[in-house]
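A.B. asks: Provided herewith: start05.txt, compact mmCIF, N, CA and C atoms.
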```
# COMPACT_ATOMS: atom_id res chain seq x y z
N ARG A 86 48.36 -85.89 -210.37
CA ARG A 86 47.22 -86.01 -209.48
C ARG A 86 46.17 -86.93 -210.08
N ALA A 87 45.95 -86.80 -211.37
CA ALA A 87 44.97 -87.67 -212.02
C ALA A 87 45.40 -89.13 -211.94
N LEU A 88 46.68 -89.38 -212.11
CA LEU A 88 47.18 -90.74 -212.01
C LEU A 88 46.94 -91.30 -210.61
N LEU A 89 47.22 -90.53 -209.59
CA LEU A 89 46.99 -91.00 -208.22
C LEU A 89 45.51 -91.25 -207.95
N ARG A 90 44.67 -90.33 -208.41
CA ARG A 90 43.23 -90.53 -208.21
C ARG A 90 42.76 -91.81 -208.90
N ASP A 91 43.32 -92.09 -210.07
CA ASP A 91 42.95 -93.27 -210.85
C ASP A 91 43.40 -94.57 -210.19
N ARG A 92 44.45 -94.51 -209.39
CA ARG A 92 45.04 -95.71 -208.80
C ARG A 92 44.50 -96.06 -207.42
N ARG A 93 43.57 -95.27 -206.89
CA ARG A 93 43.01 -95.56 -205.56
C ARG A 93 42.22 -96.86 -205.59
N SER A 94 42.41 -97.68 -204.58
CA SER A 94 41.68 -98.94 -204.45
C SER A 94 40.28 -98.68 -203.92
N GLN A 95 39.41 -99.67 -204.05
CA GLN A 95 38.04 -99.52 -203.57
C GLN A 95 37.96 -99.34 -202.06
N ASP A 96 38.98 -99.81 -201.34
CA ASP A 96 38.96 -99.68 -199.88
C ASP A 96 39.40 -98.30 -199.41
N GLY A 97 39.69 -97.38 -200.34
CA GLY A 97 40.09 -96.02 -200.00
C GLY A 97 41.58 -95.82 -199.89
N GLY A 98 42.35 -96.90 -200.02
CA GLY A 98 43.80 -96.80 -199.94
C GLY A 98 44.45 -96.95 -201.30
N TRP A 99 45.76 -96.99 -201.28
CA TRP A 99 46.55 -97.19 -202.49
C TRP A 99 47.49 -98.37 -202.26
N ASN A 100 47.75 -99.12 -203.33
CA ASN A 100 48.77 -100.16 -203.24
C ASN A 100 49.97 -99.69 -204.05
N ILE A 101 50.75 -100.60 -204.59
CA ILE A 101 51.95 -100.17 -205.31
C ILE A 101 51.75 -100.13 -206.82
N GLY A 102 50.52 -100.26 -207.28
CA GLY A 102 50.27 -100.24 -208.71
C GLY A 102 48.80 -100.01 -209.01
N ASN A 103 48.28 -100.77 -209.94
CA ASN A 103 46.88 -100.64 -210.32
C ASN A 103 45.97 -101.16 -209.20
N PRO A 104 44.77 -100.58 -209.09
CA PRO A 104 43.87 -101.04 -208.03
C PRO A 104 43.21 -102.39 -208.33
N ASP A 105 43.28 -102.83 -209.57
CA ASP A 105 42.75 -104.16 -209.88
C ASP A 105 43.65 -104.82 -210.93
N VAL A 106 43.76 -106.13 -210.78
CA VAL A 106 44.59 -106.92 -211.70
C VAL A 106 43.79 -108.16 -212.09
N LEU A 107 43.63 -108.36 -213.37
CA LEU A 107 42.88 -109.51 -213.89
C LEU A 107 41.50 -109.62 -213.25
N GLY A 108 40.86 -108.47 -213.06
CA GLY A 108 39.51 -108.43 -212.52
C GLY A 108 39.40 -108.53 -211.01
N ALA A 109 40.51 -108.71 -210.32
CA ALA A 109 40.50 -108.79 -208.85
C ALA A 109 40.88 -107.43 -208.26
N GLN A 110 40.07 -106.96 -207.33
CA GLN A 110 40.37 -105.71 -206.64
C GLN A 110 41.46 -105.94 -205.60
N LEU A 111 42.47 -105.10 -205.63
CA LEU A 111 43.57 -105.22 -204.69
C LEU A 111 43.38 -104.24 -203.54
N ASP A 112 43.78 -104.64 -202.36
CA ASP A 112 43.70 -103.78 -201.18
C ASP A 112 44.84 -102.77 -201.19
N GLY A 113 44.61 -101.66 -200.53
CA GLY A 113 45.66 -100.67 -200.36
C GLY A 113 46.59 -101.07 -199.23
N TYR A 114 47.73 -100.42 -199.20
CA TYR A 114 48.70 -100.59 -198.12
C TYR A 114 48.78 -99.27 -197.36
N LEU A 115 49.04 -99.36 -196.08
CA LEU A 115 49.07 -98.15 -195.26
C LEU A 115 50.17 -97.18 -195.68
N HIS A 116 51.35 -97.69 -195.97
CA HIS A 116 52.44 -96.77 -196.30
C HIS A 116 52.22 -96.09 -197.66
N THR A 117 51.77 -96.82 -198.67
CA THR A 117 51.54 -96.19 -199.96
C THR A 117 50.35 -95.24 -199.91
N THR A 118 49.37 -95.58 -199.11
CA THR A 118 48.21 -94.69 -198.94
C THR A 118 48.65 -93.36 -198.35
N SER A 119 49.51 -93.40 -197.36
CA SER A 119 49.97 -92.16 -196.74
C SER A 119 50.74 -91.28 -197.71
N TRP A 120 51.60 -91.87 -198.51
CA TRP A 120 52.35 -91.06 -199.49
C TRP A 120 51.40 -90.45 -200.51
N ALA A 121 50.39 -91.19 -200.94
CA ALA A 121 49.42 -90.64 -201.90
C ALA A 121 48.61 -89.52 -201.26
N VAL A 122 48.17 -89.71 -200.03
CA VAL A 122 47.40 -88.68 -199.33
C VAL A 122 48.23 -87.41 -199.17
N MET A 123 49.50 -87.56 -198.85
CA MET A 123 50.35 -86.38 -198.71
C MET A 123 50.56 -85.67 -200.05
N ALA A 124 50.52 -86.41 -201.14
CA ALA A 124 50.75 -85.83 -202.46
C ALA A 124 49.52 -85.15 -203.04
N LEU A 125 48.35 -85.45 -202.52
CA LEU A 125 47.11 -84.89 -203.06
C LEU A 125 46.59 -83.79 -202.13
N PRO A 126 46.71 -82.54 -202.52
CA PRO A 126 46.32 -81.44 -201.63
C PRO A 126 44.82 -81.21 -201.52
N ASP A 127 44.04 -81.69 -202.48
CA ASP A 127 42.60 -81.44 -202.47
C ASP A 127 41.92 -82.42 -201.51
N PRO A 128 41.24 -81.92 -200.47
CA PRO A 128 40.58 -82.81 -199.51
C PRO A 128 39.59 -83.77 -200.17
N ALA A 129 38.96 -83.36 -201.26
CA ALA A 129 38.00 -84.24 -201.94
C ALA A 129 38.68 -85.48 -202.51
N ASP A 130 39.95 -85.36 -202.86
CA ASP A 130 40.68 -86.50 -203.43
C ASP A 130 41.02 -87.56 -202.39
N VAL A 131 41.02 -87.19 -201.12
CA VAL A 131 41.46 -88.13 -200.08
C VAL A 131 40.38 -88.45 -199.05
N GLU A 132 39.20 -87.89 -199.21
CA GLU A 132 38.14 -88.09 -198.20
C GLU A 132 37.85 -89.57 -197.95
N ALA A 133 37.84 -90.38 -198.98
CA ALA A 133 37.55 -91.81 -198.82
C ALA A 133 38.68 -92.56 -198.14
N SER A 134 39.81 -91.94 -197.97
CA SER A 134 40.97 -92.61 -197.39
C SER A 134 41.01 -92.58 -195.86
N TRP A 135 40.35 -91.64 -195.24
CA TRP A 135 40.48 -91.50 -193.79
C TRP A 135 40.04 -92.74 -193.01
N PRO A 136 38.94 -93.40 -193.35
CA PRO A 136 38.60 -94.63 -192.62
C PRO A 136 39.66 -95.73 -192.74
N PHE A 137 40.43 -95.69 -193.81
CA PHE A 137 41.50 -96.66 -194.02
C PHE A 137 42.50 -96.65 -192.86
N TYR A 138 42.66 -95.50 -192.22
CA TYR A 138 43.65 -95.36 -191.15
C TYR A 138 43.26 -96.07 -189.86
N ASP A 139 42.04 -96.54 -189.73
CA ASP A 139 41.67 -97.33 -188.56
C ASP A 139 42.58 -98.56 -188.44
N ARG A 140 43.07 -99.03 -189.59
CA ARG A 140 43.96 -100.19 -189.59
C ARG A 140 45.27 -99.90 -188.86
N VAL A 141 45.72 -98.67 -188.91
CA VAL A 141 46.97 -98.31 -188.22
C VAL A 141 46.79 -98.52 -186.73
N LEU A 142 45.65 -98.09 -186.22
CA LEU A 142 45.44 -98.20 -184.78
C LEU A 142 45.21 -99.65 -184.35
N ALA A 143 44.71 -100.47 -185.25
CA ALA A 143 44.50 -101.88 -184.92
C ALA A 143 45.82 -102.64 -184.85
N ARG A 144 46.76 -102.30 -185.72
CA ARG A 144 48.08 -102.96 -185.75
C ARG A 144 49.16 -101.93 -186.03
N PRO A 145 49.50 -101.11 -185.03
CA PRO A 145 50.45 -100.04 -185.31
C PRO A 145 51.88 -100.56 -185.49
N SER A 146 52.53 -100.02 -186.49
CA SER A 146 53.97 -100.20 -186.64
C SER A 146 54.56 -98.80 -186.60
N THR A 147 55.83 -98.70 -186.37
CA THR A 147 56.47 -97.38 -186.35
C THR A 147 56.30 -96.69 -187.68
N LEU A 148 56.56 -97.40 -188.77
CA LEU A 148 56.44 -96.81 -190.11
C LEU A 148 55.02 -96.33 -190.37
N ASN A 149 54.03 -97.18 -190.16
CA ASN A 149 52.66 -96.81 -190.49
C ASN A 149 52.12 -95.71 -189.58
N ALA A 150 52.45 -95.75 -188.29
CA ALA A 150 51.98 -94.70 -187.39
C ALA A 150 52.61 -93.36 -187.76
N ALA A 151 53.91 -93.36 -188.07
CA ALA A 151 54.58 -92.11 -188.45
C ALA A 151 53.99 -91.55 -189.73
N LEU A 152 53.78 -92.40 -190.72
CA LEU A 152 53.19 -91.93 -191.98
C LEU A 152 51.75 -91.46 -191.79
N ALA A 153 51.00 -92.11 -190.90
CA ALA A 153 49.64 -91.67 -190.61
C ALA A 153 49.65 -90.28 -189.99
N VAL A 154 50.59 -90.03 -189.09
CA VAL A 154 50.72 -88.70 -188.50
C VAL A 154 50.98 -87.68 -189.60
N LEU A 155 51.94 -87.96 -190.46
CA LEU A 155 52.29 -87.01 -191.53
C LEU A 155 51.13 -86.76 -192.48
N ALA A 156 50.40 -87.81 -192.84
CA ALA A 156 49.25 -87.65 -193.74
C ALA A 156 48.18 -86.77 -193.09
N HIS A 157 47.91 -87.01 -191.81
CA HIS A 157 46.90 -86.22 -191.12
C HIS A 157 47.34 -84.76 -190.96
N VAL A 158 48.59 -84.55 -190.60
CA VAL A 158 49.10 -83.17 -190.46
C VAL A 158 49.04 -82.45 -191.81
N ALA A 159 49.35 -83.15 -192.89
CA ALA A 159 49.33 -82.54 -194.23
C ALA A 159 47.96 -81.98 -194.58
N HIS A 160 46.91 -82.58 -194.02
CA HIS A 160 45.55 -82.13 -194.33
C HIS A 160 44.88 -81.43 -193.15
N GLY A 161 45.67 -81.07 -192.14
CA GLY A 161 45.13 -80.34 -191.01
C GLY A 161 44.17 -81.15 -190.16
N ARG A 162 44.31 -82.46 -190.17
CA ARG A 162 43.44 -83.34 -189.40
C ARG A 162 44.11 -83.72 -188.08
N ASP A 163 43.31 -84.12 -187.11
CA ASP A 163 43.83 -84.51 -185.81
C ASP A 163 44.64 -85.80 -185.92
N ALA A 164 45.91 -85.73 -185.61
CA ALA A 164 46.80 -86.88 -185.68
C ALA A 164 47.07 -87.48 -184.31
N THR A 165 46.43 -86.96 -183.26
CA THR A 165 46.72 -87.38 -181.89
C THR A 165 46.63 -88.89 -181.68
N PRO A 166 45.61 -89.60 -182.19
CA PRO A 166 45.57 -91.05 -181.96
C PRO A 166 46.79 -91.78 -182.53
N PHE A 167 47.32 -91.28 -183.61
CA PHE A 167 48.48 -91.92 -184.25
C PHE A 167 49.77 -91.55 -183.53
N VAL A 168 49.84 -90.34 -183.01
CA VAL A 168 50.97 -89.95 -182.17
C VAL A 168 50.98 -90.82 -180.91
N ASP A 169 49.80 -90.98 -180.31
CA ASP A 169 49.71 -91.81 -179.11
C ASP A 169 50.15 -93.25 -179.41
N ALA A 170 49.73 -93.78 -180.55
CA ALA A 170 50.13 -95.15 -180.93
C ALA A 170 51.64 -95.22 -181.16
N LEU A 171 52.19 -94.20 -181.78
CA LEU A 171 53.63 -94.16 -182.04
C LEU A 171 54.42 -94.11 -180.74
N LEU A 172 53.99 -93.27 -179.82
CA LEU A 172 54.69 -93.16 -178.53
C LEU A 172 54.52 -94.43 -177.69
N ALA A 173 53.34 -95.04 -177.73
CA ALA A 173 53.13 -96.29 -177.00
C ALA A 173 54.03 -97.39 -177.55
N ARG A 174 54.14 -97.43 -178.86
CA ARG A 174 55.03 -98.42 -179.47
C ARG A 174 56.47 -98.18 -179.04
N HIS A 175 56.87 -96.92 -179.01
CA HIS A 175 58.24 -96.60 -178.59
C HIS A 175 58.48 -97.01 -177.14
N ARG A 176 57.52 -96.72 -176.27
CA ARG A 176 57.67 -97.11 -174.86
C ARG A 176 57.77 -98.62 -174.71
N ALA A 177 57.01 -99.35 -175.52
CA ALA A 177 56.97 -100.82 -175.40
C ALA A 177 58.19 -101.51 -175.98
N ARG A 178 58.69 -100.98 -177.10
CA ARG A 178 59.78 -101.70 -177.77
C ARG A 178 60.79 -100.82 -178.49
N GLY A 179 60.69 -99.53 -178.33
CA GLY A 179 61.59 -98.63 -179.06
C GLY A 179 61.12 -98.49 -180.49
N PHE A 180 61.82 -97.68 -181.24
CA PHE A 180 61.47 -97.47 -182.64
C PHE A 180 62.17 -98.47 -183.55
N GLY A 181 63.00 -99.32 -182.99
CA GLY A 181 63.71 -100.30 -183.81
C GLY A 181 65.10 -99.80 -184.16
N ASP A 182 65.75 -100.54 -185.02
CA ASP A 182 67.13 -100.20 -185.34
C ASP A 182 67.30 -99.68 -186.77
N ARG A 183 66.22 -99.47 -187.48
CA ARG A 183 66.33 -98.93 -188.84
C ARG A 183 66.36 -97.40 -188.76
N VAL A 184 67.43 -96.84 -189.25
CA VAL A 184 67.63 -95.39 -189.18
C VAL A 184 66.50 -94.66 -189.92
N ASP A 185 66.08 -95.17 -191.07
CA ASP A 185 65.04 -94.48 -191.84
C ASP A 185 63.72 -94.43 -191.08
N THR A 186 63.38 -95.50 -190.38
CA THR A 186 62.12 -95.52 -189.63
C THR A 186 62.20 -94.62 -188.40
N VAL A 187 63.32 -94.64 -187.72
CA VAL A 187 63.51 -93.76 -186.56
C VAL A 187 63.44 -92.30 -187.00
N ALA A 188 64.08 -91.98 -188.12
CA ALA A 188 64.06 -90.61 -188.63
C ALA A 188 62.64 -90.19 -189.01
N LEU A 189 61.90 -91.08 -189.65
CA LEU A 189 60.54 -90.75 -190.04
C LEU A 189 59.66 -90.53 -188.81
N ALA A 190 59.86 -91.33 -187.77
CA ALA A 190 59.11 -91.13 -186.52
C ALA A 190 59.43 -89.77 -185.92
N ALA A 191 60.71 -89.39 -185.91
CA ALA A 191 61.10 -88.09 -185.37
C ALA A 191 60.49 -86.95 -186.19
N ILE A 192 60.50 -87.09 -187.51
CA ILE A 192 59.91 -86.08 -188.39
C ILE A 192 58.41 -85.95 -188.12
N ALA A 193 57.74 -87.09 -187.95
CA ALA A 193 56.29 -87.08 -187.70
C ALA A 193 55.97 -86.41 -186.37
N LEU A 194 56.72 -86.73 -185.33
CA LEU A 194 56.46 -86.14 -184.02
C LEU A 194 56.71 -84.62 -184.05
N ARG A 195 57.74 -84.20 -184.75
CA ARG A 195 58.01 -82.77 -184.87
C ARG A 195 56.91 -82.07 -185.68
N ALA A 196 56.47 -82.69 -186.75
CA ALA A 196 55.39 -82.11 -187.55
C ALA A 196 54.12 -81.95 -186.72
N HIS A 197 53.82 -82.95 -185.92
CA HIS A 197 52.63 -82.87 -185.07
C HIS A 197 52.78 -81.75 -184.05
N ASP A 198 53.94 -81.65 -183.42
CA ASP A 198 54.17 -80.60 -182.42
C ASP A 198 54.07 -79.21 -183.03
N ARG A 199 54.59 -79.05 -184.24
CA ARG A 199 54.59 -77.74 -184.91
C ARG A 199 53.28 -77.46 -185.63
N GLY A 200 52.55 -78.51 -186.00
CA GLY A 200 51.32 -78.32 -186.77
C GLY A 200 51.57 -77.96 -188.22
N THR A 201 52.80 -78.19 -188.68
CA THR A 201 53.13 -77.92 -190.07
C THR A 201 53.76 -79.16 -190.68
N HIS A 202 53.59 -79.29 -191.96
CA HIS A 202 54.08 -80.49 -192.64
C HIS A 202 55.51 -80.26 -193.14
N PRO A 203 56.42 -81.18 -192.81
CA PRO A 203 57.83 -80.97 -193.17
C PRO A 203 58.13 -81.09 -194.66
N PHE A 204 57.24 -81.70 -195.43
CA PHE A 204 57.48 -81.87 -196.85
C PHE A 204 56.73 -80.83 -197.68
N SER A 205 56.16 -79.86 -197.01
CA SER A 205 55.40 -78.81 -197.68
C SER A 205 56.34 -77.80 -198.33
N LEU A 206 56.02 -77.38 -199.53
CA LEU A 206 56.81 -76.34 -200.18
C LEU A 206 56.72 -75.03 -199.42
N ARG A 207 55.58 -74.79 -198.83
CA ARG A 207 55.40 -73.56 -198.06
C ARG A 207 56.36 -73.54 -196.86
N GLU A 208 56.50 -74.69 -196.17
CA GLU A 208 57.41 -74.79 -195.04
C GLU A 208 58.86 -74.55 -195.49
N ALA A 209 59.24 -75.15 -196.62
CA ALA A 209 60.60 -75.01 -197.13
C ALA A 209 60.91 -73.56 -197.47
N ALA A 210 59.94 -72.85 -197.98
CA ALA A 210 60.15 -71.45 -198.36
C ALA A 210 60.31 -70.54 -197.15
N HIS A 211 59.70 -70.90 -196.04
CA HIS A 211 59.71 -70.05 -194.86
C HIS A 211 60.69 -70.51 -193.80
N GLY A 212 61.39 -71.58 -194.02
CA GLY A 212 62.39 -72.04 -193.06
C GLY A 212 61.81 -72.92 -191.99
N PRO A 213 62.67 -73.43 -191.11
CA PRO A 213 62.23 -74.36 -190.05
C PRO A 213 61.42 -73.70 -188.97
```
Rewrite the structure from the file as structure tokens, please.
C.D. replies:
Amino acid sequence: RALLRDRRSQDGGWNIGNPDVLGAQLDGYLHTTSWAVMALPDPADVEASWPFYDRVLARPSTLNAALAVLAHVAHGRDATPFVDALLARHRARGFGDRVDTVALAAIALRAHDRGTHPFSLREAAHGP
């Protein structure tokens, strides 16, 4: 957790490494930000990250919208705008042909419908 907190970029997101290189601040990426948010259970650790998700709605992709849903569900936040973006994208062009992205979209939609996070240890202990 300390490592993740240390690696957060100034924009509230995470990239794939250090937040600064040779004195230059690096921007976060939506997908790495979502994985970090899901990994940090303390709301104080991720509070600065929520505005970062406005980028998902500005340019939604299946991957980023699905991960945004999962990150929001993990912290009990309203994921409806990201579900709407995910479904709109599906209506417009489908989820694409990548099995991993289609599966992640399905997992995100199910998590939103159930209100529980699929990667939670608590969920695994209590069954589907």
A.B. asks: Just to confirm, what's the straight-line distance from atom C of Leu189 of chain A to atom CA of Ala121 of chain A in Å (one decimal)?
C.D. replies: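 Going from atom C of Leu189 of chain A over to atom CA of Ala121 of chain A, I get 16.6 Å.
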A.B. asks: Considering all atoms listed in the file, can you say which of A:Leu171, A:Ala177, A:Leu89, A:Gly97 comes closest to Pro145 of chain A?
C.D. replies: A:Leu171
A.B. asks: In Å, how far is it from atom CA of Leu115 of chain A to atom CA of Asn149 of chain A?
C.D. replies: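 Straight-line distance from atom CA of Leu115 of chain A to atom CA of Asn149 of chain A works out to 6.1 Å.
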A.B. asks: Pick from A:Val168, A:Ile101, A:Ala129, A:Ala191: nearest to Thr117 of chain A, with all atoms listed in the file counted?
C.D. replies: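 Closest candidate: A:Ile101.
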A.B. asks: For the point (47.2, -94.1, -187.2) in file coordinates, what residues are within 6 Å, counting all atoms listed in the file? Give the answer as JSON, numbers by chain?
C.D. replies: {"A": [138, 141, 142, 149, 150, 153, 154, 166, 167]}
A.B. asks: Take the residues from that selection and write them out as a CSV table (one decimal), in the frame of the given file, keeping N, CA and C atoms.
C.D. replies:
```csv
chain,number,residue,atom,x,y,z
A,138,TYR,N,42.7,-95.5,-192.2
A,138,TYR,CA,43.6,-95.4,-191.2
A,138,TYR,C,43.3,-96.1,-189.9
A,141,VAL,N,45.7,-98.7,-188.9
A,141,VAL,CA,47.0,-98.3,-188.2
A,141,VAL,C,46.8,-98.5,-186.7
A,142,LEU,N,45.6,-98.1,-186.2
A,142,LEU,CA,45.4,-98.2,-184.8
A,142,LEU,C,45.2,-99.6,-184.4
A,149,ASN,N,54.0,-97.2,-190.2
A,149,ASN,CA,52.7,-96.8,-190.5
A,149,ASN,C,52.1,-95.7,-189.6
A,150,ALA,N,52.4,-95.8,-188.3
A,150,ALA,CA,52.0,-94.7,-187.4
A,150,ALA,C,52.6,-93.4,-187.8
A,153,ALA,N,51.0,-92.1,-190.9
A,153,ALA,CA,49.6,-91.7,-190.6
A,153,ALA,C,49.6,-90.3,-190.0
A,154,VAL,N,50.6,-90.0,-189.1
A,154,VAL,CA,50.7,-88.7,-188.5
A,154,VAL,C,51.0,-87.7,-189.6
A,166,PRO,N,45.6,-89.6,-182.2
A,166,PRO,CA,45.6,-91.0,-182.0
A,166,PRO,C,46.8,-91.8,-182.5
A,167,PHE,N,47.3,-91.3,-183.6
A,167,PHE,CA,48.5,-91.9,-184.2
A,167,PHE,C,49.8,-91.6,-183.5
```
A.B. asks: What is the atom C of Thr186 of chain A to atom N of Val158 of chain A distance in Å?
C.D. replies: 17.1 Å
A.B. asks: List every protein, DNA or RNA residue with an atom no more than 6 Å from (54.1, -84.3, -196.7) in the file's coordinates, counting all atoms listed in the file, and format the result as a ChimeraX atom specification.
C.D. replies: /A:123,155,159,202-205
A.B. asks: Between A:Ala124, A:Val106, A:Ala151, A:Ala87, which has the minimum distance to Ile192 of chain A (counting all atoms listed in the file)?
C.D. replies: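 Ranked by minimum distance to Ile192 of chain A, first place goes to A:Ala151.
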A.B. asks: Determine the nearest neighbour of Phe180 of chain A from the options A:Ala193, A:Leu148, A:Thr165, A:His160, counting all atoms listed in the file.
C.D. replies: A:Leu148
A.B. asks: Could you pull out the residues in segment 95-196 of chain A that DSSP calls strand (DSSP E or B) from the backbone, as a VMD selection string?
C.D. replies: chain A and resid 99 105 to 106 109 to 110 114
